[in-house]
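Student: entry-v2.csv is reproduced in full below (CSV, C-alpha atoms).
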```csv
chain,number,residue,atom,x,y,z
A,1,MET,CA,216.0,128.3,-52.7
A,2,SER,CA,216.7,126.9,-49.2
A,3,ARG,CA,220.5,127.5,-49.8
A,4,LEU,CA,219.8,131.2,-50.7
A,5,ILE,CA,217.7,131.7,-47.6
A,6,ILE,CA,220.5,130.2,-45.4
A,7,ALA,CA,223.1,132.4,-47.1
A,8,LEU,CA,220.9,135.5,-46.5
A,9,LEU,CA,220.4,134.5,-42.9
A,10,VAL,CA,224.2,134.1,-42.4
A,11,ILE,CA,224.8,137.5,-44.0
A,12,ALA,CA,222.1,139.1,-41.9
A,13,SER,CA,223.6,137.5,-38.8
A,14,ALA,CA,227.1,138.8,-39.6
A,15,VAL,CA,225.8,142.3,-40.2
A,16,ALA,CA,223.8,142.3,-37.0
A,17,SER,CA,226.9,141.0,-35.1
A,18,ALA,CA,229.1,143.7,-36.6
A,19,GLN,CA,226.5,146.4,-35.8
A,20,ASN,CA,226.2,145.1,-32.2
A,21,LYS,CA,230.0,145.1,-31.9
A,22,SER,CA,230.3,148.7,-32.8
A,23,GLN,CA,227.1,149.9,-31.2
A,24,VAL,CA,226.9,153.5,-30.0
A,25,VAL,CA,225.1,154.2,-26.7
A,26,GLU,CA,224.6,157.9,-25.7
A,27,GLY,CA,227.4,158.8,-28.0
A,28,MET,CA,229.9,156.2,-26.7
A,29,SER,CA,231.2,153.2,-28.6
A,30,THR,CA,230.6,149.9,-26.8
A,31,GLU,CA,233.4,148.4,-28.7
A,32,ARG,CA,235.8,151.1,-27.4
A,33,LEU,CA,234.4,150.9,-23.9
A,34,ALA,CA,235.3,147.2,-23.9
A,35,ARG,CA,239.0,148.3,-23.8
A,36,ILE,CA,238.3,149.1,-20.1
A,37,ASP,CA,237.6,145.4,-19.6
A,38,VAL,CA,241.1,144.5,-20.9
A,39,ARG,CA,242.9,147.1,-18.8
A,40,MET,CA,241.0,146.2,-15.6
A,41,GLN,CA,241.7,142.5,-16.1
A,42,GLN,CA,245.4,143.2,-16.7
A,43,ALA,CA,245.5,145.3,-13.5
A,44,ILE,CA,244.0,142.5,-11.5
A,45,LYS,CA,246.5,140.0,-13.1
A,46,ASP,CA,249.3,142.4,-12.1
A,47,ASN,CA,248.1,142.5,-8.5
A,48,TRP,CA,247.2,146.1,-8.5
A,49,PHE,CA,244.0,145.2,-6.7
A,50,PRO,CA,241.8,142.1,-6.2
A,51,GLY,CA,238.8,143.6,-7.9
A,52,ALA,CA,236.9,146.7,-8.8
A,53,VAL,CA,233.5,148.2,-9.8
A,54,VAL,CA,233.3,150.7,-12.7
A,55,LEU,CA,230.4,152.9,-13.7
A,56,ILE,CA,230.1,155.4,-16.5
A,57,ILE,CA,227.0,157.5,-17.0
A,58,ARG,CA,226.3,159.8,-20.0
A,59,ASN,CA,223.3,162.0,-20.4
A,60,GLY,CA,222.0,160.6,-17.2
A,61,LYS,CA,222.0,157.0,-18.5
A,62,PRO,CA,224.4,154.2,-17.6
A,63,VAL,CA,226.6,153.2,-20.6
A,64,TYR,CA,229.1,151.0,-18.8
A,65,PHE,CA,228.5,149.3,-15.4
A,66,LYS,CA,230.7,146.3,-14.6
A,67,SER,CA,232.4,144.5,-11.7
A,68,PHE,CA,235.8,142.8,-12.0
A,69,GLY,CA,237.8,140.3,-10.1
A,70,LYS,CA,237.2,139.3,-6.4
A,71,SER,CA,236.0,141.3,-3.5
A,72,ASP,CA,237.6,138.7,-1.1
A,73,LEU,CA,240.6,136.7,-2.4
A,74,GLU,CA,240.8,134.3,0.4
A,75,ALA,CA,237.1,133.4,0.2
A,76,SER,CA,237.2,133.6,-3.6
A,77,THR,CA,234.1,135.9,-3.6
A,78,ASP,CA,233.3,137.6,-6.9
A,79,MET,CA,233.1,141.4,-6.8
A,80,LYS,CA,229.5,142.6,-7.4
A,81,LYS,CA,228.2,145.8,-8.7
A,82,ASP,CA,226.4,146.6,-5.4
A,83,ASN,CA,229.4,146.0,-3.1
A,84,ILE,CA,230.0,148.7,-0.5
A,85,PHE,CA,233.3,150.6,-0.3
A,86,ARG,CA,235.0,152.9,2.2
A,87,ILE,CA,234.9,156.2,0.2
A,88,ALA,CA,236.9,158.2,2.8
A,89,SER,CA,237.5,161.6,1.4
A,90,GLN,CA,234.7,161.4,-1.1
A,91,THR,CA,232.6,162.2,2.1
A,92,LYS,CA,233.9,165.8,1.8
A,93,ALA,CA,231.8,166.7,-1.2
A,94,ILE,CA,228.6,165.4,0.5
A,95,THR,CA,229.4,167.5,3.5
A,96,SER,CA,230.0,170.5,1.3
A,97,LEU,CA,226.6,170.0,-0.3
A,98,ALA,CA,225.0,169.9,3.2
A,99,VAL,CA,226.9,173.2,4.0
A,100,MET,CA,225.6,174.9,0.9
A,101,MET,CA,222.0,173.7,1.5
A,102,LEU,CA,222.2,175.5,4.8
A,103,PHE,CA,223.8,178.5,3.1
A,104,GLU,CA,220.7,178.7,1.0
A,105,GLU,CA,218.6,178.8,4.2
A,106,GLY,CA,220.6,181.9,5.5
A,107,LYS,CA,222.3,180.1,8.3
A,108,PHE,CA,225.7,181.8,7.6
A,109,GLN,CA,227.6,183.8,5.0
A,110,LEU,CA,230.7,182.3,3.3
A,111,ASP,CA,233.0,184.9,4.7
A,112,ASP,CA,231.7,184.6,8.3
A,113,PRO,CA,234.5,183.7,10.7
A,114,VAL,CA,234.3,180.1,12.1
A,115,SER,CA,234.7,181.5,15.6
A,116,LYS,CA,231.2,183.1,15.2
A,117,PHE,CA,229.8,179.5,15.6
A,118,ILE,CA,232.8,177.7,17.3
A,119,PRO,CA,234.5,180.1,19.7
A,120,GLU,CA,237.5,177.9,20.1
A,121,PHE,CA,238.6,179.0,16.6
A,122,LYS,CA,239.1,182.6,17.7
A,123,ASN,CA,242.6,183.9,17.8
A,124,SER,CA,244.3,181.2,15.6
A,125,GLN,CA,248.0,180.8,15.8
A,126,VAL,CA,250.4,179.9,13.0
A,127,LEU,CA,253.1,177.3,13.7
A,128,THR,CA,256.6,178.8,13.7
A,129,GLU,CA,258.8,176.2,15.5
A,130,PHE,CA,258.4,172.5,16.2
A,131,ASN,CA,260.4,170.2,18.5
A,132,ALA,CA,260.2,166.6,17.2
A,133,ASN,CA,261.5,165.2,20.5
A,134,ASP,CA,258.4,166.1,22.5
A,135,SER,CA,256.0,167.6,20.0
A,136,THR,CA,256.1,171.0,21.7
A,137,TYR,CA,255.9,174.0,19.4
A,138,LYS,CA,256.0,177.8,19.1
A,139,SER,CA,253.5,179.9,17.2
A,140,THR,CA,252.5,183.4,16.4
A,141,PRO,CA,249.1,185.1,16.1
A,142,ALA,CA,247.5,184.6,12.7
A,143,LYS,CA,246.1,188.2,12.7
A,144,LYS,CA,243.3,186.9,10.4
A,145,GLU,CA,240.4,184.6,11.2
A,146,ILE,CA,239.5,181.4,9.4
A,147,THR,CA,236.2,181.7,7.5
A,148,ILE,CA,233.7,179.2,6.2
A,149,ARG,CA,235.0,179.8,2.6
A,150,HIS,CA,238.6,179.0,3.8
A,151,LEU,CA,237.3,175.6,5.1
A,152,LEU,CA,235.4,174.8,1.9
A,153,THR,CA,238.5,175.5,-0.2
A,154,HIS,CA,241.2,174.0,2.1
A,155,THR,CA,242.9,177.3,2.5
A,156,SER,CA,242.4,177.8,6.2
A,157,GLY,CA,245.9,176.5,7.2
A,158,ILE,CA,244.4,173.5,9.0
A,159,SER,CA,246.4,170.3,8.3
A,160,TYR,CA,245.5,166.6,8.5
A,161,ALA,CA,245.9,164.1,11.3
A,162,ALA,CA,247.8,160.9,10.6
A,163,ILE,CA,248.2,161.6,6.9
A,164,GLY,CA,249.5,165.2,7.0
A,165,SER,CA,253.0,166.6,7.6
A,166,SER,CA,255.1,165.0,10.4
A,167,GLU,CA,254.8,168.1,12.5
A,168,PHE,CA,251.0,168.2,12.4
A,169,ASN,CA,250.7,164.4,12.7
A,170,ALA,CA,252.5,164.7,16.0
A,171,ILE,CA,250.7,167.8,17.2
A,172,TYR,CA,247.3,166.3,16.5
A,173,ALA,CA,248.2,162.9,17.9
A,174,LYS,CA,249.3,164.5,21.2
A,175,ALA,CA,246.0,166.4,21.4
A,176,SER,CA,244.0,163.2,20.4
A,177,VAL,CA,242.6,164.8,17.3
A,178,PRO,CA,241.8,162.0,14.7
A,179,SER,CA,241.9,161.9,11.0
A,180,GLY,CA,238.3,160.9,10.8
A,181,ILE,CA,239.1,157.8,8.8
A,182,GLY,CA,237.4,155.1,10.9
A,183,THR,CA,237.2,157.2,14.0
A,184,ALA,CA,234.4,155.6,16.2
A,185,PHE,CA,235.2,157.1,19.6
A,186,ALA,CA,234.2,160.5,21.0
A,187,THR,CA,232.1,162.9,19.0
A,188,LEU,CA,232.9,165.3,16.2
A,189,GLY,CA,232.2,168.4,18.2
A,190,ASP,CA,234.5,167.4,21.1
A,191,LYS,CA,237.5,166.9,18.7
A,192,MET,CA,236.8,170.0,16.5
A,193,LYS,CA,236.8,172.2,19.6
A,194,ILE,CA,240.2,170.9,20.5
A,195,LEU,CA,241.4,171.4,16.9
A,196,GLY,CA,240.3,175.1,17.2
A,197,GLY,CA,243.0,175.6,19.8
A,198,LEU,CA,245.8,174.1,17.9
A,199,PRO,CA,248.2,175.9,15.5
A,200,ILE,CA,247.6,176.2,11.8
A,201,LYS,CA,250.2,175.7,9.0
A,202,HIS,CA,249.9,179.2,7.4
A,203,LEU,CA,247.8,182.3,7.3
A,204,PRO,CA,244.2,181.7,6.3
A,205,GLY,CA,243.7,182.2,2.5
A,206,GLU,CA,247.5,182.1,1.8
A,207,SER,CA,247.8,178.6,0.4
A,208,PHE,CA,246.1,175.3,-0.3
A,209,THR,CA,246.6,172.8,2.5
A,210,TYR,CA,244.6,169.6,2.4
A,211,GLY,CA,243.3,169.0,6.0
A,212,LEU,CA,240.5,168.6,8.5
A,213,ASN,CA,238.6,171.5,7.1
A,214,ILE,CA,235.5,169.5,6.1
A,215,ASP,CA,235.4,167.8,9.5
A,216,VAL,CA,235.0,171.3,11.0
A,217,LEU,CA,232.3,172.0,8.5
A,218,GLY,CA,230.6,168.7,9.5
A,219,TYR,CA,230.4,170.0,13.1
A,220,LEU,CA,229.0,173.3,11.8
A,221,VAL,CA,226.3,171.4,9.9
A,222,GLU,CA,225.3,169.9,13.3
A,223,ILE,CA,225.3,173.4,14.9
A,224,TRP,CA,223.3,175.0,12.2
A,225,SER,CA,220.8,172.2,11.7
A,226,GLY,CA,220.4,171.0,15.2
A,227,GLN,CA,220.9,167.4,13.9
A,228,THR,CA,223.8,165.0,14.0
A,229,LEU,CA,225.6,165.0,10.7
A,230,SER,CA,224.4,161.4,10.1
A,231,ASN,CA,220.8,162.4,10.6
A,232,PHE,CA,221.1,165.4,8.3
A,233,PHE,CA,222.7,163.3,5.6
A,234,GLU,CA,220.0,160.7,5.8
A,235,SER,CA,217.0,163.0,5.9
A,236,ARG,CA,218.1,165.8,3.6
A,237,ILE,CA,220.4,164.1,1.1
A,238,PHE,CA,220.4,160.3,1.0
A,239,ARG,CA,216.7,159.7,1.2
A,240,PRO,CA,215.8,162.3,-1.4
A,241,LEU,CA,218.5,161.1,-3.8
A,242,GLY,CA,217.7,157.4,-3.2
A,243,MET,CA,221.2,156.8,-1.8
A,244,ASN,CA,220.1,153.7,0.1
A,245,ASP,CA,223.6,152.1,0.7
A,246,THR,CA,225.5,155.1,2.0
A,247,TYR,CA,226.3,155.2,5.8
A,248,PHE,CA,228.8,156.2,8.4
A,249,TYR,CA,228.2,152.9,10.2
A,250,LEU,CA,226.6,150.0,8.2
A,251,PRO,CA,223.5,148.2,9.4
A,252,VAL,CA,224.3,144.6,10.2
A,253,GLU,CA,222.3,143.2,7.3
A,254,LYS,CA,224.7,145.0,4.9
A,255,HIS,CA,228.0,144.0,6.5
A,256,SER,CA,228.6,141.2,4.1
A,257,ARG,CA,228.6,143.6,1.1
A,258,LEU,CA,231.6,145.6,2.6
A,259,VAL,CA,234.7,144.9,0.6
A,260,PRO,CA,237.9,144.1,2.6
A,261,VAL,CA,240.9,146.3,2.4
A,262,TYR,CA,244.0,144.9,0.8
A,263,GLU,CA,247.6,146.1,0.6
A,264,GLU,CA,250.6,145.1,-1.5
A,265,VAL,CA,253.2,143.1,0.4
A,266,ASN,CA,256.3,141.9,-1.4
A,267,GLY,CA,254.5,142.2,-4.8
A,268,LYS,CA,251.5,140.3,-3.6
A,269,LEU,CA,248.1,141.4,-2.3
A,270,SER,CA,247.4,140.7,1.4
A,271,LYS,CA,244.2,141.4,3.3
A,272,VAL,CA,244.7,144.2,5.9
A,273,THR,CA,244.2,142.9,9.4
A,274,HIS,CA,246.4,145.3,11.3
A,275,GLN,CA,245.3,148.8,12.4
A,276,ILE,CA,245.6,151.6,9.8
A,277,TYR,CA,246.2,155.3,9.8
A,278,ASP,CA,245.7,156.6,13.4
A,279,LYS,CA,245.2,153.1,15.0
A,280,VAL,CA,241.9,152.3,13.2
A,281,ASP,CA,240.3,149.0,12.7
A,282,PRO,CA,240.0,148.4,8.9
A,283,TRP,CA,236.5,147.1,9.4
A,284,TYR,CA,235.4,150.4,11.0
A,285,PRO,CA,232.2,150.7,8.9
A,286,ARG,CA,230.9,147.7,10.8
A,287,LEU,CA,231.4,149.4,14.2
A,288,LYS,CA,228.8,151.2,16.2
A,289,GLY,CA,230.1,154.8,16.7
A,290,GLN,CA,228.9,158.3,17.2
A,291,TYR,CA,231.8,160.1,15.5
A,292,TYR,CA,230.5,161.3,12.1
A,293,SER,CA,233.5,162.5,10.2
A,294,GLY,CA,232.4,165.0,7.5
A,295,GLY,CA,235.8,164.6,5.9
A,296,ALA,CA,236.3,160.8,5.7
A,297,GLY,CA,233.6,158.8,7.5
A,298,LEU,CA,231.3,157.4,4.8
A,299,SER,CA,231.0,154.1,3.0
A,300,SER,CA,228.9,153.8,-0.2
A,301,THR,CA,228.4,152.1,-3.6
A,302,VAL,CA,229.3,153.5,-7.1
A,303,GLU,CA,225.6,153.7,-8.0
A,304,ASP,CA,224.7,155.7,-4.9
A,305,TYR,CA,227.6,158.2,-5.4
A,306,SER,CA,226.7,158.5,-9.1
A,307,LYS,CA,223.3,159.9,-8.1
A,308,PHE,CA,225.1,162.5,-5.9
A,309,LEU,CA,227.3,163.6,-8.8
A,310,GLN,CA,224.4,163.6,-11.3
A,311,LEU,CA,222.6,166.1,-9.0
A,312,PHE,CA,225.4,168.6,-9.8
A,313,LEU,CA,225.2,167.9,-13.6
A,314,ASN,CA,221.5,168.5,-13.3
A,315,LYS,CA,222.1,171.9,-11.7
A,316,GLY,CA,220.8,171.0,-8.2
A,317,GLU,CA,218.0,168.6,-9.0
A,318,TYR,CA,217.7,164.8,-9.2
A,319,ASN,CA,214.7,162.6,-9.8
A,320,GLY,CA,212.3,165.5,-9.3
A,321,LYS,CA,213.9,166.6,-6.0
A,322,ARG,CA,215.7,169.9,-5.8
A,323,LEU,CA,218.5,170.2,-3.2
A,324,LEU,CA,220.2,173.3,-4.5
A,325,SER,CA,219.5,176.2,-6.8
A,326,ARG,CA,221.3,176.4,-10.2
A,327,LYS,CA,223.2,179.5,-9.0
A,328,THR,CA,224.5,177.8,-5.9
A,329,VAL,CA,225.7,174.9,-8.0
A,330,GLU,CA,227.5,177.3,-10.3
A,331,LEU,CA,229.1,179.0,-7.3
A,332,MET,CA,230.3,175.6,-6.0
A,333,LEU,CA,231.8,174.7,-9.4
A,334,THR,CA,233.7,178.0,-9.8
A,335,ASN,CA,237.4,178.3,-9.0
A,336,GLN,CA,237.8,179.8,-5.5
A,337,THR,CA,241.6,179.4,-5.1
A,338,GLY,CA,243.0,181.3,-8.1
A,339,ALA,CA,246.4,180.1,-9.2
A,340,MET,CA,247.2,178.1,-6.0
A,341,SER,CA,248.7,174.6,-6.3
A,342,THR,CA,245.2,173.1,-6.5
A,343,GLN,CA,242.2,174.7,-8.3
A,344,PHE,CA,239.3,174.2,-5.9
A,345,GLY,CA,235.6,175.2,-5.8
A,346,LEU,CA,233.4,174.9,-2.8
A,347,GLY,CA,233.8,171.1,-2.4
A,348,PHE,CA,235.5,169.8,-5.5
A,349,GLU,CA,238.8,170.0,-7.3
A,350,LEU,CA,238.2,171.7,-10.7
A,351,GLU,CA,239.6,171.5,-14.2
A,352,THR,CA,240.3,175.1,-15.2
A,353,ALA,CA,242.2,177.0,-17.9
A,354,LEU,CA,245.1,177.0,-15.4
A,355,ASN,CA,245.5,173.2,-15.4
A,356,ASP,CA,243.8,172.2,-18.6
A,357,TYR,CA,245.2,169.7,-21.2
A,358,GLN,CA,246.9,167.5,-18.6
A,359,ASP,CA,244.3,164.9,-19.3
A,360,PRO,CA,241.2,164.6,-21.6
A,361,THR,CA,238.7,166.0,-19.2
A,362,SER,CA,236.9,169.2,-20.2
A,363,ILE,CA,237.3,172.6,-18.5
A,364,GLY,CA,234.7,172.6,-15.7
A,365,THR,CA,235.1,169.0,-14.8
A,366,PHE,CA,235.0,168.4,-11.0
A,367,SER,CA,236.5,165.5,-9.2
A,368,TRP,CA,238.2,163.9,-6.1
A,369,GLY,CA,238.7,160.5,-4.6
A,370,GLY,CA,239.3,158.5,-1.4
A,371,ALA,CA,242.2,157.1,0.6
A,372,PHE,CA,241.4,153.5,-0.3
A,373,ASN,CA,241.7,154.1,-4.1
A,374,THR,CA,238.2,155.1,-5.0
A,375,THR,CA,238.0,157.8,-7.7
A,376,TYR,CA,235.4,159.8,-9.6
A,377,TRP,CA,234.9,162.8,-11.8
A,378,ALA,CA,231.9,164.5,-13.5
A,379,ASP,CA,232.3,166.5,-16.8
A,380,PRO,CA,229.4,169.0,-17.3
A,381,LYS,CA,230.5,169.7,-21.0
A,382,GLU,CA,230.2,166.0,-21.9
A,383,ASN,CA,227.4,165.3,-19.4
A,384,LEU,CA,229.5,162.4,-18.1
A,385,VAL,CA,229.9,160.8,-14.7
A,386,ALA,CA,232.6,158.2,-14.1
A,387,LEU,CA,233.6,156.2,-11.0
A,388,LEU,CA,236.1,153.5,-10.3
A,389,TYR,CA,236.2,151.8,-6.9
A,390,THR,CA,238.8,149.5,-5.4
A,391,GLN,CA,239.9,149.0,-1.7
A,392,ILE,CA,243.7,149.3,-1.4
A,393,TYR,CA,245.6,150.7,1.6
A,394,GLN,CA,248.6,152.9,0.8
A,395,SER,CA,247.8,152.3,-2.9
A,396,PRO,CA,251.0,152.2,-5.0
A,397,HIS,CA,249.1,152.1,-8.3
A,398,ARG,CA,246.9,155.2,-8.4
A,399,GLU,CA,247.7,155.7,-12.1
A,400,ILE,CA,244.7,153.4,-12.7
A,401,GLY,CA,242.7,156.6,-12.3
A,402,SER,CA,244.4,158.4,-15.2
A,403,LEU,CA,244.3,155.2,-17.3
A,404,PHE,CA,240.6,155.0,-16.6
A,405,LYS,CA,240.1,158.6,-17.8
A,406,ALA,CA,241.9,158.0,-21.0
A,407,LEU,CA,239.9,154.8,-21.7
A,408,THR,CA,236.6,156.6,-20.9
A,409,TYR,CA,237.2,159.6,-23.2
A,410,GLN,CA,238.5,157.6,-26.1
A,411,ALA,CA,235.1,155.9,-26.3
A,412,ILE,CA,233.2,159.1,-27.0
A,413,VAL,CA,232.4,159.2,-30.7
A,414,ASP,CA,229.7,161.8,-31.1
```
Can the structure from this file be put into structure tokens for me?
Tutor:
Amino acid sequence: MSRLIIALLVIASAVASAQNKSQVVEGMSTERLARIDVRMQQAIKDNWFPGAVVLIIRNGKPVYFKSFGKSDLEASTDMKKDNIFRIASQTKAITSLAVMMLFEEGKFQLDDPVSKFIPEFKNSQVLTEFNANDSTYKSTPAKKEITIRHLLTHTSGISYAAIGSSEFNAIYAKASVPSGIGTAFATLGDKMKILGGLPIKHLPGESFTYGLNIDVLGYLVEIWSGQTLSNFFESRIFRPLGMNDTYFYLPVEKHSRLVPVYEEVNGKLSKVTHQIYDKVDPWYPRLKGQYYSGGAGLSSTVEDYSKFLQLFLNKGEYNGKRLLSRKTVELMLTNQTGAMSTQFGLGFELETALNDYQDPTSIGTFSWGGAFNTTYWADPKENLVALLYTQIYQSPHREIGSLFKALTYQAIVD
């Protein structure tokens, strides 16, 4: 009898083990999700990055949340799920949310000219000639004003500082207009007023040009709200959503959680100690500054940013707090750029019928990322949020984002 009991226990244990191995959580196979582990570990072994944090949420519940590798190679510090990352351009969507919250308060209309609020943007000029020897240029009147909608969709003609074209890098540098990545000096308003007097790349509404548009919007948020962008974010967005680890400048007690930036040098990873982009200290989130870049200034955790994305999947509400109406969310997630090179809503890149089937994401998926190789997307059809954060300068292995997408969607089994 005892042998029979033992045999039955062994069989039951094996069945339980098999069931656990192929467990399905919120319609996703844990066995298939484990393939992400293998790929992340291989990427670390191949020196793509020292470590990473990955979070996948489905139906509002975390189904995969893991950290990999090291946050600091030299100190041999393990990466942790609550590590803080420079999210750079992921700041843009948060600023866009702030803008649309003020839109709902009647502070402006989407097709209002920017010059209505920042006079320096009146009479924009389009660049026609550029002299690389001394950064002088010639321009012609745009004959059309930049609007709030143009800024939200990156169709204003405004380019980027430090990471834009060589012509505009030089023009902006000469005028001391920064990229916003790690800028700690001056104030946003001072620099955006200067930007308003500089030439644009093309006529407003003519084309998609990724640029300092959302920094201009950050300054507009300050004008409309009467608060600094930092204070508006904290009081109107971060506190209601419970985003307790998202800042322009980190409090001292959270400095140790900030992940160092690495770069690939001769096939090996090296911690960045030199200045980056437009002569920026890579440890800029630890500085004390008053420049609140709406386009690139924030640092955050994957968990914090997932709450922000879930707000949109929940049609403007999170944890009982409503920040936007359902209709405004729908507007933000509707293609505003037609058949331009990038399909963009009011704050996010969109998966549309024009660019569908390039990867497994559903039509309606919204996404973006950051300069230090952080990436995210949210898929309303699958009720899915996914984030992958690393910290790499001039990242040569951005294909990790597309690999991550494939590995996420192959785990959906419902």
Student: Quote the spacing between atom CA of A:Ala162 and atom CA of A:Lys191 in Å to one decimal place.
Tutor: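 Atom CA of A:Lys191 lies 14.4 Å from atom CA of A:Ala162.
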Student: Would you list the contacts of A:Lys92 as a PyMOL selection string, taking every protein, DNA or RNA residue within 12 Å and counting all atoms listed in the file, but skipping same-chain residues closer than 3 positions in sequence?
Tutor: chain A and resi 87-89+95-99+151-154+180-181+210-218+292-298+346-349+367-370
Student: I'd like to know which of A:Ile57, A:Gln227, A:Leu350, A:Trp48 is closest to A:Gly27, using only C-alpha atoms.
Tutor: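 Closest to A:Gly27, using only C-alpha atoms: A:Ile57.
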Student: I'd like the contact shell of stretch 139-147 of chain A - 9 Å cut-off, all atoms listed in the file, skipping same-chain residues fewer than 5 positions apart - returned as a list in words.
Tutor: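 Neighbouring residues, sequence-local ones excluded: Leu110, Asp111, Asp112, Pro113, Val114, Ser115, Phe121, Lys122, Asn123, Ser124, Gln125, Val126, Leu127, Thr128, Glu129, Phe130, Leu152, Thr155, Ser156, Gly157, Pro199, Ile200, His202, Leu203, Pro204 and Gly205 of chain A.
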Student: Considering all atoms listed in the file, return as an MDAnalysis selection string whatever protein or nucleic-acid residues lie within 10 Å of A:Gly242, sequence-local ones (same chain, fewer than 3 positions apart) excluded.
Tutor: chainID A and resid 234 237:239 245:246 303:304 307:308 318:319
Student: Just the residues within 10 Å of A:Leu258, please, counting only C-alpha atoms, with nothing from its chain fewer than 5 positions along; format it as an MDAnalysis selection string.
Tutor: chainID A and resid 71:72 82:86 250 283 285:286 299:301 391
Student: Taking all atoms listed in the file into account, which of A:Ala406, A:Val25, A:Met79, A:Val265 comes nearest A:Gly60?
Tutor: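 Among the listed residues, the smallest separation from A:Gly60 belongs to A:Val25.
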Student: Got a minute to add N, CA and C atoms to stretch 389-400 of chain A and dump it as a PDB file, in the frame of the given file?
Tutor:
```pdb
ATOM      1  N   TYR A 389     235.971 152.122  -8.275  1.00  0.00           N
ATOM      2  CA  TYR A 389     236.200 151.800  -6.900  1.00  0.00           C
ATOM      3  C   TYR A 389     237.001 150.558  -6.670  1.00  0.00           C
ATOM      4  N   THR A 390     238.058 150.642  -5.883  1.00  0.00           N
ATOM      5  CA  THR A 390     238.800 149.500  -5.400  1.00  0.00           C
ATOM      6  C   THR A 390     238.960 149.731  -3.866  1.00  0.00           C
ATOM      7  N   GLN A 391     239.654 148.822  -3.164  1.00  0.00           N
ATOM      8  CA  GLN A 391     239.900 149.000  -1.700  1.00  0.00           C
ATOM      9  C   GLN A 391     241.355 148.612  -1.431  1.00  0.00           C
ATOM     10  N   ILE A 392     242.276 149.566  -1.608  1.00  0.00           N
ATOM     11  CA  ILE A 392     243.700 149.300  -1.400  1.00  0.00           C
ATOM     12  C   ILE A 392     244.264 150.319  -0.412  1.00  0.00           C
ATOM     13  N   TYR A 393     244.986 149.823   0.588  1.00  0.00           N
ATOM     14  CA  TYR A 393     245.600 150.700   1.600  1.00  0.00           C
ATOM     15  C   TYR A 393     247.011 151.081   1.098  1.00  0.00           C
ATOM     16  N   GLN A 394     247.333 152.373   1.260  1.00  0.00           N
ATOM     17  CA  GLN A 394     248.600 152.900   0.800  1.00  0.00           C
ATOM     18  C   GLN A 394     248.834 152.547  -0.671  1.00  0.00           C
ATOM     19  N   SER A 395     247.846 152.809  -1.481  1.00  0.00           N
ATOM     20  CA  SER A 395     247.800 152.300  -2.900  1.00  0.00           C
ATOM     21  C   SER A 395     249.028 152.781  -3.679  1.00  0.00           C
ATOM     22  N   PRO A 396     249.795 151.823  -4.216  1.00  0.00           N
ATOM     23  CA  PRO A 396     251.000 152.200  -5.000  1.00  0.00           C
ATOM     24  C   PRO A 396     250.646 152.339  -6.520  1.00  0.00           C
ATOM     25  N   HIS A 397     249.395 152.096  -6.901  1.00  0.00           N
ATOM     26  CA  HIS A 397     249.100 152.100  -8.300  1.00  0.00           C
ATOM     27  C   HIS A 397     247.893 153.062  -8.621  1.00  0.00           C
ATOM     28  N   ARG A 398     248.009 154.281  -8.155  1.00  0.00           N
ATOM     29  CA  ARG A 398     246.900 155.200  -8.400  1.00  0.00           C
ATOM     30  C   ARG A 398     246.838 155.692  -9.833  1.00  0.00           C
ATOM     31  N   GLU A 399     247.815 155.305 -10.662  1.00  0.00           N
ATOM     32  CA  GLU A 399     247.700 155.700 -12.100  1.00  0.00           C
ATOM     33  C   GLU A 399     246.551 155.003 -12.773  1.00  0.00           C
ATOM     34  N   ILE A 400     245.916 154.037 -12.095  1.00  0.00           N
ATOM     35  CA  ILE A 400     244.700 153.400 -12.700  1.00  0.00           C
ATOM     36  C   ILE A 400     243.666 154.491 -12.939  1.00  0.00           C
TER      37      ILE A 400
END
```
